[in-house]
Each structure stands twice: as structure tokens, then as C-alpha cells.
file start02.cif (mmCIF, C-alpha atoms)
data_input
loop_
_atom_site.group_PDB
_atom_site.id
_atom_site.type_symbol
_atom_site.label_atom_id
_atom_site.label_comp_id
_atom_site.auth_asym_id
_atom_site.auth_seq_id
_atom_site.Cartn_x
_atom_site.Cartn_y
_atom_site.Cartn_z
ATOM 1 C CA MET A 1 117.161 100.655 80.037
ATOM 2 C CA HIS A 2 117.645 97.121 81.359
ATOM 3 C CA PHE A 3 114.769 94.670 81.756
ATOM 4 C CA TYR A 4 114.941 92.020 84.484
ATOM 5 C CA ARG A 5 111.276 91.003 84.590
ATOM 6 C CA PRO A 6 108.565 91.317 81.933
ATOM 7 C CA LEU A 7 106.422 94.424 82.333
ATOM 8 C CA THR A 8 102.665 93.958 82.231
ATOM 9 C CA ALA A 9 100.221 96.624 81.052
ATOM 10 C CA LEU A 10 100.562 99.845 83.048
ATOM 11 C CA LYS A 11 97.663 101.980 84.229
ATOM 12 C CA ALA A 12 99.484 104.344 86.623
ATOM 13 C CA LEU A 13 102.921 105.268 87.937
ATOM 14 C CA THR A 14 104.042 106.174 91.437
ATOM 15 C CA PHE A 15 107.242 108.070 92.185
ATOM 16 C CA ASP A 16 109.625 108.503 95.041
ATOM 17 C CA LEU A 17 110.685 112.155 95.334
ATOM 18 C CA ASP A 18 114.122 112.679 96.909
ATOM 19 C CA ASP A 19 117.039 111.548 94.730
ATOM 20 C CA THR A 20 114.616 110.179 92.150
ATOM 21 C CA LEU A 21 113.174 113.350 90.620
ATOM 22 C CA TYR A 22 116.014 115.655 91.750
ATOM 23 C CA ASP A 23 119.313 115.551 93.623
ATOM 24 C CA ASN A 24 118.399 115.828 97.291
ATOM 25 C CA ARG A 25 121.916 115.801 98.742
ATOM 26 C CA PRO A 26 122.709 119.529 98.453
ATOM 27 C CA VAL A 27 119.211 120.365 99.729
ATOM 28 C CA ILE A 28 119.662 118.311 102.880
ATOM 29 C CA GLN A 29 123.163 119.661 103.487
ATOM 30 C CA ARG A 30 122.045 123.274 103.231
ATOM 31 C CA THR A 31 118.862 122.664 105.248
ATOM 32 C CA GLU A 32 120.819 121.107 108.098
ATOM 33 C CA GLN A 33 123.281 124.017 108.111
ATOM 34 C CA GLU A 34 120.553 126.665 108.063
ATOM 35 C CA SER A 35 118.461 124.880 110.692
ATOM 36 C CA LEU A 36 121.428 124.662 113.033
ATOM 37 C CA ALA A 37 122.232 128.345 112.472
ATOM 38 C CA TYR A 38 118.610 129.251 113.223
ATOM 39 C CA LEU A 39 118.696 127.492 116.584
ATOM 40 C CA GLN A 40 122.052 129.027 117.496
ATOM 41 C CA ASN A 41 120.879 132.549 116.638
ATOM 42 C CA LYS A 42 117.358 132.292 118.013
ATOM 43 C CA HIS A 43 118.235 130.669 121.323
ATOM 44 C CA PRO A 44 121.385 131.968 123.076
ATOM 45 C CA GLU A 45 121.459 128.853 125.261
ATOM 46 C CA LEU A 46 122.093 126.799 122.109
ATOM 47 C CA ARG A 47 124.824 128.988 120.637
ATOM 48 C CA GLU A 48 127.407 126.233 120.968
ATOM 49 C CA ILE A 49 125.224 123.284 119.987
ATOM 50 C CA THR A 50 126.491 121.046 117.194
ATOM 51 C CA SER A 51 124.779 118.983 114.551
ATOM 52 C CA SER A 52 126.046 115.836 116.265
ATOM 53 C CA GLU A 53 124.338 116.823 119.493
ATOM 54 C CA LEU A 54 121.050 117.361 117.677
ATOM 55 C CA HIS A 55 121.303 113.895 116.172
ATOM 56 C CA LEU A 56 121.937 112.427 119.611
ATOM 57 C CA VAL A 57 118.705 113.959 120.899
ATOM 58 C CA ARG A 58 116.838 112.481 117.942
ATOM 59 C CA ALA A 59 118.401 109.070 118.573
ATOM 60 C CA GLU A 60 117.407 109.254 122.228
ATOM 61 C CA LEU A 61 113.821 110.110 121.302
ATOM 62 C CA ARG A 62 113.644 107.192 118.905
ATOM 63 C CA GLU A 63 114.757 104.864 121.685
ATOM 64 C CA GLN A 64 111.854 106.160 123.766
ATOM 65 C CA GLU A 65 109.366 106.076 120.860
ATOM 66 C CA PRO A 66 110.601 103.498 118.322
ATOM 67 C CA GLU A 67 107.856 104.157 115.773
ATOM 68 C CA ILE A 68 108.341 107.915 115.594
ATOM 69 C CA TYR A 69 110.821 107.599 112.733
ATOM 70 C CA HIS A 70 107.972 106.907 110.316
ATOM 71 C CA ASP A 71 107.083 110.618 110.471
ATOM 72 C CA VAL A 72 110.367 112.460 110.011
ATOM 73 C CA THR A 73 108.774 115.881 110.482
ATOM 74 C CA GLU A 74 107.162 114.988 113.793
ATOM 75 C CA TRP A 75 110.335 113.246 114.902
ATOM 76 C CA ARG A 76 112.327 116.417 114.295
ATOM 77 C CA ARG A 77 109.711 118.640 115.951
ATOM 78 C CA CYS A 78 109.471 116.471 119.078
ATOM 79 C CA SER A 79 113.260 116.358 119.312
ATOM 80 C CA LEU A 80 113.348 120.147 119.353
ATOM 81 C CA VAL A 81 110.692 120.276 122.075
ATOM 82 C CA LEU A 82 112.789 117.910 124.181
ATOM 83 C CA LEU A 83 115.929 119.930 123.537
ATOM 84 C CA LEU A 84 114.327 123.251 124.493
ATOM 85 C CA GLN A 85 112.741 121.831 127.628
ATOM 86 C CA ARG A 86 116.193 120.764 128.751
ATOM 87 C CA GLN A 87 117.279 124.381 128.404
ATOM 88 C CA GLY A 88 114.646 125.398 130.953
ATOM 89 C CA TYR A 89 111.767 126.281 128.645
ATOM 90 C CA SER A 90 108.233 125.421 129.720
ATOM 91 C CA LEU A 91 106.382 122.867 127.611
ATOM 92 C CA GLN A 92 104.355 125.623 125.954
ATOM 93 C CA GLN A 93 107.460 127.698 125.234
ATOM 94 C CA ALA A 94 109.319 124.658 123.923
ATOM 95 C CA GLN A 95 106.450 123.711 121.619
ATOM 96 C CA GLN A 96 106.245 127.240 120.230
ATOM 97 C CA GLY A 97 110.004 127.357 119.755
ATOM 98 C CA ALA A 98 109.940 124.010 117.982
ATOM 99 C CA ASP A 99 107.085 125.120 115.712
ATOM 100 C CA ASP A 100 109.003 128.270 114.751
ATOM 101 C CA ALA A 101 112.136 126.241 114.041
ATOM 102 C CA MET A 102 110.132 123.833 111.892
ATOM 103 C CA ASP A 103 108.766 126.733 109.849
ATOM 104 C CA ASP A 104 112.348 127.764 109.135
ATOM 105 C CA PHE A 105 113.255 124.148 108.362
ATOM 106 C CA ALA A 106 110.354 123.809 105.896
ATOM 107 C CA HIS A 107 111.506 126.928 104.061
ATOM 108 C CA TRP A 108 114.945 125.496 103.350
ATOM 109 C CA ARG A 109 113.809 121.873 102.936
ATOM 110 C CA SER A 110 111.741 122.696 99.869
ATOM 111 C CA LYS A 111 114.297 124.921 98.108
ATOM 112 C CA VAL A 112 114.809 122.221 95.500
ATOM 113 C CA GLU A 113 116.260 122.720 92.031
ATOM 114 C CA VAL A 114 114.343 120.483 89.648
ATOM 115 C CA PRO A 115 116.005 119.498 86.346
ATOM 116 C CA GLN A 116 114.080 120.473 83.220
ATOM 117 C CA GLU A 117 114.231 116.826 82.172
ATOM 118 C CA THR A 118 112.108 115.945 85.200
ATOM 119 C CA HIS A 119 109.429 118.449 84.221
ATOM 120 C CA GLN A 120 109.404 117.239 80.627
ATOM 121 C CA THR A 121 109.191 113.574 81.628
ATOM 122 C CA LEU A 122 106.451 114.018 84.200
ATOM 123 C CA GLN A 123 104.445 116.211 81.847
ATOM 124 C CA ALA A 124 104.618 113.590 79.091
ATOM 125 C CA LEU A 125 103.715 110.734 81.428
ATOM 126 C CA ALA A 126 100.891 112.667 83.098
ATOM 127 C CA GLU A 127 99.190 113.060 79.729
ATOM 128 C CA ARG A 128 98.819 109.284 79.546
ATOM 129 C CA PHE A 129 98.847 107.947 83.115
ATOM 130 C CA PRO A 130 97.724 109.111 86.561
ATOM 131 C CA LEU A 131 100.861 109.864 88.606
ATOM 132 C CA VAL A 132 101.262 109.655 92.384
ATOM 133 C CA ALA A 133 104.131 110.623 94.705
ATOM 134 C CA ILE A 134 105.038 108.319 97.601
ATOM 135 C CA THR A 135 107.685 109.736 99.921
ATOM 136 C CA ASN A 136 109.370 109.067 103.247
ATOM 137 C CA GLY A 137 110.615 112.659 103.221
ATOM 138 C CA ASN A 138 109.152 116.065 103.999
ATOM 139 C CA ALA A 139 109.882 118.243 100.985
ATOM 140 C CA ASP A 140 106.753 119.855 99.525
ATOM 141 C CA PRO A 141 106.514 119.350 95.723
ATOM 142 C CA HIS A 142 103.944 122.136 95.442
ATOM 143 C CA VAL A 143 106.586 124.639 96.580
ATOM 144 C CA PHE A 144 109.146 123.687 93.914
ATOM 145 C CA GLY A 145 106.798 123.171 91.007
ATOM 146 C CA LEU A 146 106.142 119.420 90.891
ATOM 147 C CA GLY A 147 102.899 119.092 92.831
ATOM 148 C CA HIS A 148 100.565 119.643 89.884
ATOM 149 C CA TYR A 149 101.804 116.535 88.069
ATOM 150 C CA PHE A 150 100.457 114.226 90.773
ATOM 151 C CA GLN A 151 96.929 113.067 91.463
ATOM 152 C CA PHE A 152 97.902 112.992 95.136
ATOM 153 C CA ILE A 153 100.982 112.842 97.371
ATOM 154 C CA LEU A 154 101.391 110.244 100.119
ATOM 155 C CA ARG A 155 103.770 110.900 103.011
ATOM 156 C CA SER A 156 105.047 108.522 105.639
ATOM 157 C CA GLY A 157 103.531 109.344 109.006
ATOM 158 C CA PRO A 158 100.218 110.932 107.982
ATOM 159 C CA ASP A 159 99.592 108.302 105.296
ATOM 160 C CA GLY A 160 101.110 105.204 106.877
ATOM 161 C CA ARG A 161 104.409 103.711 107.865
ATOM 162 C CA SER A 162 107.469 104.598 105.824
ATOM 163 C CA LYS A 163 108.599 102.573 102.829
ATOM 164 C CA PRO A 164 109.424 99.684 102.505
ATOM 165 C CA PHE A 165 106.305 98.961 104.588
ATOM 166 C CA SER A 166 103.307 98.455 102.325
ATOM 167 C CA ASP A 167 101.013 101.072 103.883
ATOM 168 C CA MET A 168 101.494 103.846 101.336
ATOM 169 C CA TYR A 169 101.688 101.462 98.389
ATOM 170 C CA ASP A 170 98.399 99.907 99.474
ATOM 171 C CA ASN A 171 96.878 103.373 99.927
ATOM 172 C CA ALA A 172 97.973 104.412 96.448
ATOM 173 C CA SER A 173 96.426 101.336 94.876
ATOM 174 C CA ARG A 174 93.185 101.868 96.796
ATOM 175 C CA LEU A 175 92.927 105.588 96.019
ATOM 176 C CA LEU A 176 93.669 105.013 92.344
ATOM 177 C CA GLY A 177 91.158 102.194 92.215
ATOM 178 C CA LEU A 178 93.711 100.001 90.458
ATOM 179 C CA SER A 179 95.228 96.604 91.143
ATOM 180 C CA PRO A 180 98.836 96.803 92.417
ATOM 181 C CA GLU A 181 100.249 94.836 89.497
ATOM 182 C CA SER A 182 99.043 97.526 87.057
ATOM 183 C CA ILE A 183 101.117 100.225 88.800
ATOM 184 C CA LEU A 184 104.828 100.899 88.231
ATOM 185 C CA HIS A 185 106.733 102.462 91.122
ATOM 186 C CA VAL A 186 109.866 104.447 90.261
ATOM 187 C CA GLY A 187 112.561 105.114 92.845
ATOM 188 C CA ASP A 188 116.286 105.244 93.529
ATOM 189 C CA ASP A 189 116.452 103.043 96.621
ATOM 190 C CA LEU A 190 116.618 99.277 96.247
ATOM 191 C CA THR A 191 115.138 98.660 99.678
ATOM 192 C CA THR A 192 112.466 101.296 100.245
ATOM 193 C CA ASP A 193 111.436 101.635 96.603
ATOM 194 C CA VAL A 194 112.195 98.410 94.762
ATOM 195 C CA ALA A 195 111.752 95.848 97.540
ATOM 196 C CA GLY A 196 108.881 97.808 99.083
ATOM 197 C CA ALA A 197 107.039 98.051 95.775
ATOM 198 C CA LEU A 198 107.559 94.419 94.814
ATOM 199 C CA ARG A 199 106.417 93.148 98.195
ATOM 200 C CA SER A 200 103.290 95.262 97.784
ATOM 201 C CA GLY A 201 102.515 93.699 94.424
ATOM 202 C CA PHE A 202 103.653 96.684 92.331
ATOM 203 C CA GLN A 203 105.978 96.593 89.384
ATOM 204 C CA ALA A 204 109.258 98.359 90.110
ATOM 205 C CA CYS A 205 111.641 100.618 88.227
ATOM 206 C CA TRP A 206 115.045 101.362 89.740
ATOM 207 C CA ILE A 207 116.584 104.659 88.676
ATOM 208 C CA ASN A 208 120.331 104.163 88.878
ATOM 209 C CA ASP A 209 121.863 107.506 87.955
ATOM 210 C CA ARG A 210 125.056 107.022 89.971
ATOM 211 C CA ASP A 211 126.442 104.005 88.135
ATOM 212 C CA ARG A 212 125.814 101.539 90.943
ATOM 213 C CA SER A 213 125.996 97.808 90.303
ATOM 214 C CA LEU A 214 122.837 95.865 90.998
ATOM 215 C CA MET A 215 124.899 92.749 91.599
ATOM 216 C CA ALA A 216 127.291 94.397 94.051
ATOM 217 C CA VAL A 217 124.943 96.131 96.504
ATOM 218 C CA SER A 218 123.914 94.310 99.646
ATOM 219 C CA ASP A 219 120.178 94.955 99.353
ATOM 220 C CA SER A 220 119.570 93.759 95.805
ATOM 221 C CA ARG A 221 117.790 90.555 96.787
ATOM 222 C CA LEU A 222 114.709 91.528 94.803
ATOM 223 C CA LEU A 223 115.276 92.499 91.187
ATOM 224 C CA PRO A 224 113.329 95.418 89.748
ATOM 225 C CA HIS A 225 111.363 94.962 86.567
ATOM 226 C CA ILE A 226 113.472 97.609 84.856
ATOM 227 C CA GLU A 227 116.567 99.691 85.560
ATOM 228 C CA ILE A 228 117.133 103.127 84.038
ATOM 229 C CA SER A 229 119.939 105.659 84.356
ATOM 230 C CA ARG A 230 117.880 108.711 83.339
ATOM 231 C CA LEU A 231 114.328 109.607 84.240
ATOM 232 C CA ALA A 232 113.630 110.557 80.618
ATOM 233 C CA SER A 233 113.963 106.887 79.646
ATOM 234 C CA LEU A 234 110.468 106.369 81.063
ATOM 235 C CA GLN A 235 109.050 108.174 78.042
ATOM 236 C CA SER A 236 109.761 105.033 76.027
ATOM 237 C CA LEU A 237 106.831 103.479 77.907
ATOM 238 C CA LEU A 238 104.431 105.846 76.163
#
call {"tool": "encode", "arguments": {"input": "start02.cif", "output": "C-alpha cells"}}
result
Amino acid sequence: MHFYRPLTALKALTFDLDDTLYDNRPVIQRTEQESLAYLQNKHPELREITSSELHLVRAELREQEPEIYHDVTEWRRCSLVLLLQRQGYSLQQAQQGADDAMDDFAHWRSKVEVPQETHQTLQALAERFPLVAITNGNADPHVFGLGHYFQFILRSGPDGRSKPFSDMYDNASRLLGLSPESILHVGDDLTTDVAGALRSGFQACWINDRDRSLMAVSDSRLLPHIEISRLASLQSLL
């Protein structure tokens, strides 16, 4: 554990989910593969579609609606509606097809393997502090056994703009009834988690479990309060 700023008294902790509490990379890879296979099998017109083509449709939609990226689930769903309409489906048919595809996506997106260390750490912390999840993603912690540790879960889109915008940080502080400086946010991303938290008045913990150098990365302009390499190190705060 490395300290860069003095920590003040903590009354709550907030957590990023993906790549902070578990490795999200294999989940995303498998979800993208299964989602593509679903479209190819369900819709003969899309049998030859590629992942790159799906990303192009999403990029096109973001050009048309620049703010849609804050809600990654809605962005994906609307992209599928657009794609199916271009295959000759009516709006109603395209919306139903997109909803069905999103159900399949949600199934794979939340097939997360959570390390036992994560369970042990969250359990120990939850006995002392209220915990909150703040995520830009769309995995459902209740499905893979983490939901019960949190007082509530805030998601970009329904609960405000995505990190590093302050919306969800401000909401967490308000819902907890605590001042921002009494809350420690824990996350793996120096921009969305560390910079976003600090700019919102939170204290920040950077989890660096991939041996990255804080001095070498391009977005390290704001130093976290602490840096850890293992989630379990947070138990020293108890």
C-alpha cells in the first residue's frame, strides 16, 4: 500500500465493479462472442455480420446521439434496433428483436467469476462501513453474488452521466447522507475512478493489480490518496 495523500476519517466506501472487484476481460470477450453468435443464428440476414460491423453501427449512433454513451445498455439496444431496421424489419419487430438479443447479452454479461478474496474483503468492510457500487458498466452484481454487500448500486445512464462526471459520486454522497470527503472511492481506472472521485470531493484509492506505473501513464495528473495492488489490502483500514 502506497500513500500519496493523507487519509481523513472514513465513513463509507464506494467501489467500481469491472476490473476492480473481478477480472472483467474474459467476461467481455465471451459476451461479445456469444452475442454475435446469437444474432447470426437468430437472424439469417445477419449470418455474415462481424463484430467490427456491429461496432461501426454503434459508432454511427453515437455520432447521431452523442450523449447515448452514458448508458451502455441503451446504446447497445438502440444500435440493434437500427441494425435490424436496416435488414427490413419494422420498428416494432426491430425493437422486439433487440430486446431478445439484450436478454441474451445480459445472461452472458453477468457470468462473472468473483475471487474469494473479494468476498472476504467486502464482507469485512461491510461490517464496519456502508458500501456502495458505482459503475459505468452493465453487469448485475446480484446475479454473481456481490449485490448484498452494497447499500445500493448506481449505474451510468439511469443514475447520471458516466464517470468521471460527478453525477453518480454526488448521488452516492447524497443518498448516504455523508460529506464527499468522508467517502473513499476504490477503482482501477485513473481517469474515471481516481480523477472522477477527486474532482467530486471524494478520497480515492487506485487498485493497481497489473503492475502499472503511476508516473508513466498519461492520465495520472491527479494522484490518488492510496495505491494498492490487492483488494484485501483495504482490510488494513479497519
call {"tool": "closest_residue", "arguments": {"input": "start02.cif", "among": "A:Asp140, A:Gln123, A:Ala94, A:Ile134", "to": "Phe152 (chain A)", "atoms": "all atoms listed in the file"}}
result
A:Ile134
call {"tool": "closest_residue", "arguments": {"input": "start02.cif", "among": "A:Asp209, A:Leu36, A:Ser166, A:Leu223", "to": "Val194 (chain A)", "atoms": "only C-alpha atoms"}}
result
A:Leu223
call {"tool": "closest_atom_pairs", "arguments": {"input": "start02.cif", "of": "region 84-203 of chain A", "to": "region 10-27 of chain A", "cutoff": "6 Å", "atoms": "all atoms listed in the file", "output": "CSV"}}
result
residue,atom,partner,partner_atom,distance
A:Val114,CA,A:Tyr22,CA,5.5
A:Phe129,CA,A:Ala12,CA,5.1
A:Pro130,CA,A:Ala12,CA,5.1
A:Leu131,CA,A:Leu13,CA,5.1
A:Val132,CA,A:Thr14,CA,4.6
A:Ala133,CA,A:Phe15,CA,4.7
A:Ile134,CA,A:Asp16,CA,5.3
A:Thr135,CA,A:Asp16,CA,5.4
A:Ser182,CA,A:Leu10,CA,4.9
A:Ile183,CA,A:Ala12,CA,4.9
A:Leu184,CA,A:Leu13,CA,4.8
A:His185,CA,A:Thr14,CA,4.6
A:Val186,CA,A:Phe15,CA,4.9
A:Gly187,CA,A:Asp16,CA,5.0
A:Asp188,CA,A:Thr20,CA,5.4
call {"tool": "write_last_selection", "arguments": {"input": "start02.cif", "atoms": "C-alpha atoms", "output": "JSON list (two decimals), in the coordinates of the input"}}
result
[["chain", "number", "residue", "atom", "x", "y", "z"],
["A", 114, "VAL", "CA", 114.34, 120.48, 89.65],
["A", 129, "PHE", "CA", 98.85, 107.95, 83.12],
["A", 130, "PRO", "CA", 97.72, 109.11, 86.56],
["A", 131, "LEU", "CA", 100.86, 109.86, 88.61],
["A", 132, "VAL", "CA", 101.26, 109.66, 92.38],
["A", 133, "ALA", "CA", 104.13, 110.62, 94.70],
["A", 134, "ILE", "CA", 105.04, 108.32, 97.60],
["A", 135, "THR", "CA", 107.68, 109.74, 99.92],
["A", 182, "SER", "CA", 99.04, 97.53, 87.06],
["A", 183, "ILE", "CA", 101.12, 100.22, 88.80],
["A", 184, "LEU", "CA", 104.83, 100.90, 88.23],
["A", 185, "HIS", "CA", 106.73, 102.46, 91.12],
["A", 186, "VAL", "CA", 109.87, 104.45, 90.26],
["A", 187, "GLY", "CA", 112.56, 105.11, 92.84],
["A", 188, "ASP", "CA", 116.29, 105.24, 93.53]]
call {"tool": "atom_distance", "arguments": {"input": "start02.cif", "atom1": "CA of Tyr69 (chain A)", "atom2": "CA of Lys42 (chain A)"}}
result
26.1 Å
call {"tool": "closest_residue", "arguments": {"input": "start02.cif", "among": "A:Gln95, A:Ser110, A:Arg161, A:Ile207", "to": "Ala232 (chain A)", "atoms": "only C-alpha atoms"}}
result
A:Ile207
call {"tool": "residues_near_point", "arguments": {"input": "start02.cif", "point": "(110.4, 124.0, 110.9)", "cutoff": "12 Å", "atoms": "only C-alpha atoms", "output": "ChimeraX atom specification"}}
result
/A:31-32,34-36,38-39,72-81,95-110,138-139
call {"tool": "resolve_selection", "arguments": {"input": "start02.cif", "expression": "the PyMOL selection byres ((chain A and resi 238) around 9)", "output": "ChimeraX atom specification"}}
result
/A:124-125,128,234-237
call {"tool": "write_last_selection", "arguments": {"input": "start02.cif", "atoms": "C-alpha atoms", "output": "mmCIF file, keeping the file's coordinate frame"}}
result
data_model
loop_
_atom_site.group_PDB
_atom_site.id
_atom_site.type_symbol
_atom_site.label_atom_id
_atom_site.label_comp_id
_atom_site.auth_asym_id
_atom_site.auth_seq_id
_atom_site.Cartn_x
_atom_site.Cartn_y
_atom_site.Cartn_z
ATOM 1 C CA ALA A 124 104.618 113.590 79.091
ATOM 2 C CA LEU A 125 103.715 110.734 81.428
ATOM 3 C CA ARG A 128 98.819 109.284 79.546
ATOM 4 C CA LEU A 234 110.468 106.369 81.063
ATOM 5 C CA GLN A 235 109.050 108.174 78.042
ATOM 6 C CA SER A 236 109.761 105.033 76.027
ATOM 7 C CA LEU A 237 106.831 103.479 77.907
#
call {"tool": "closest_residue", "arguments": {"input": "start02.cif", "among": "A:Asp170, A:Asp71, A:Glu53, A:Glu65", "to": "Ser156 (chain A)", "atoms": "only C-alpha atoms"}}
result
A:Asp71
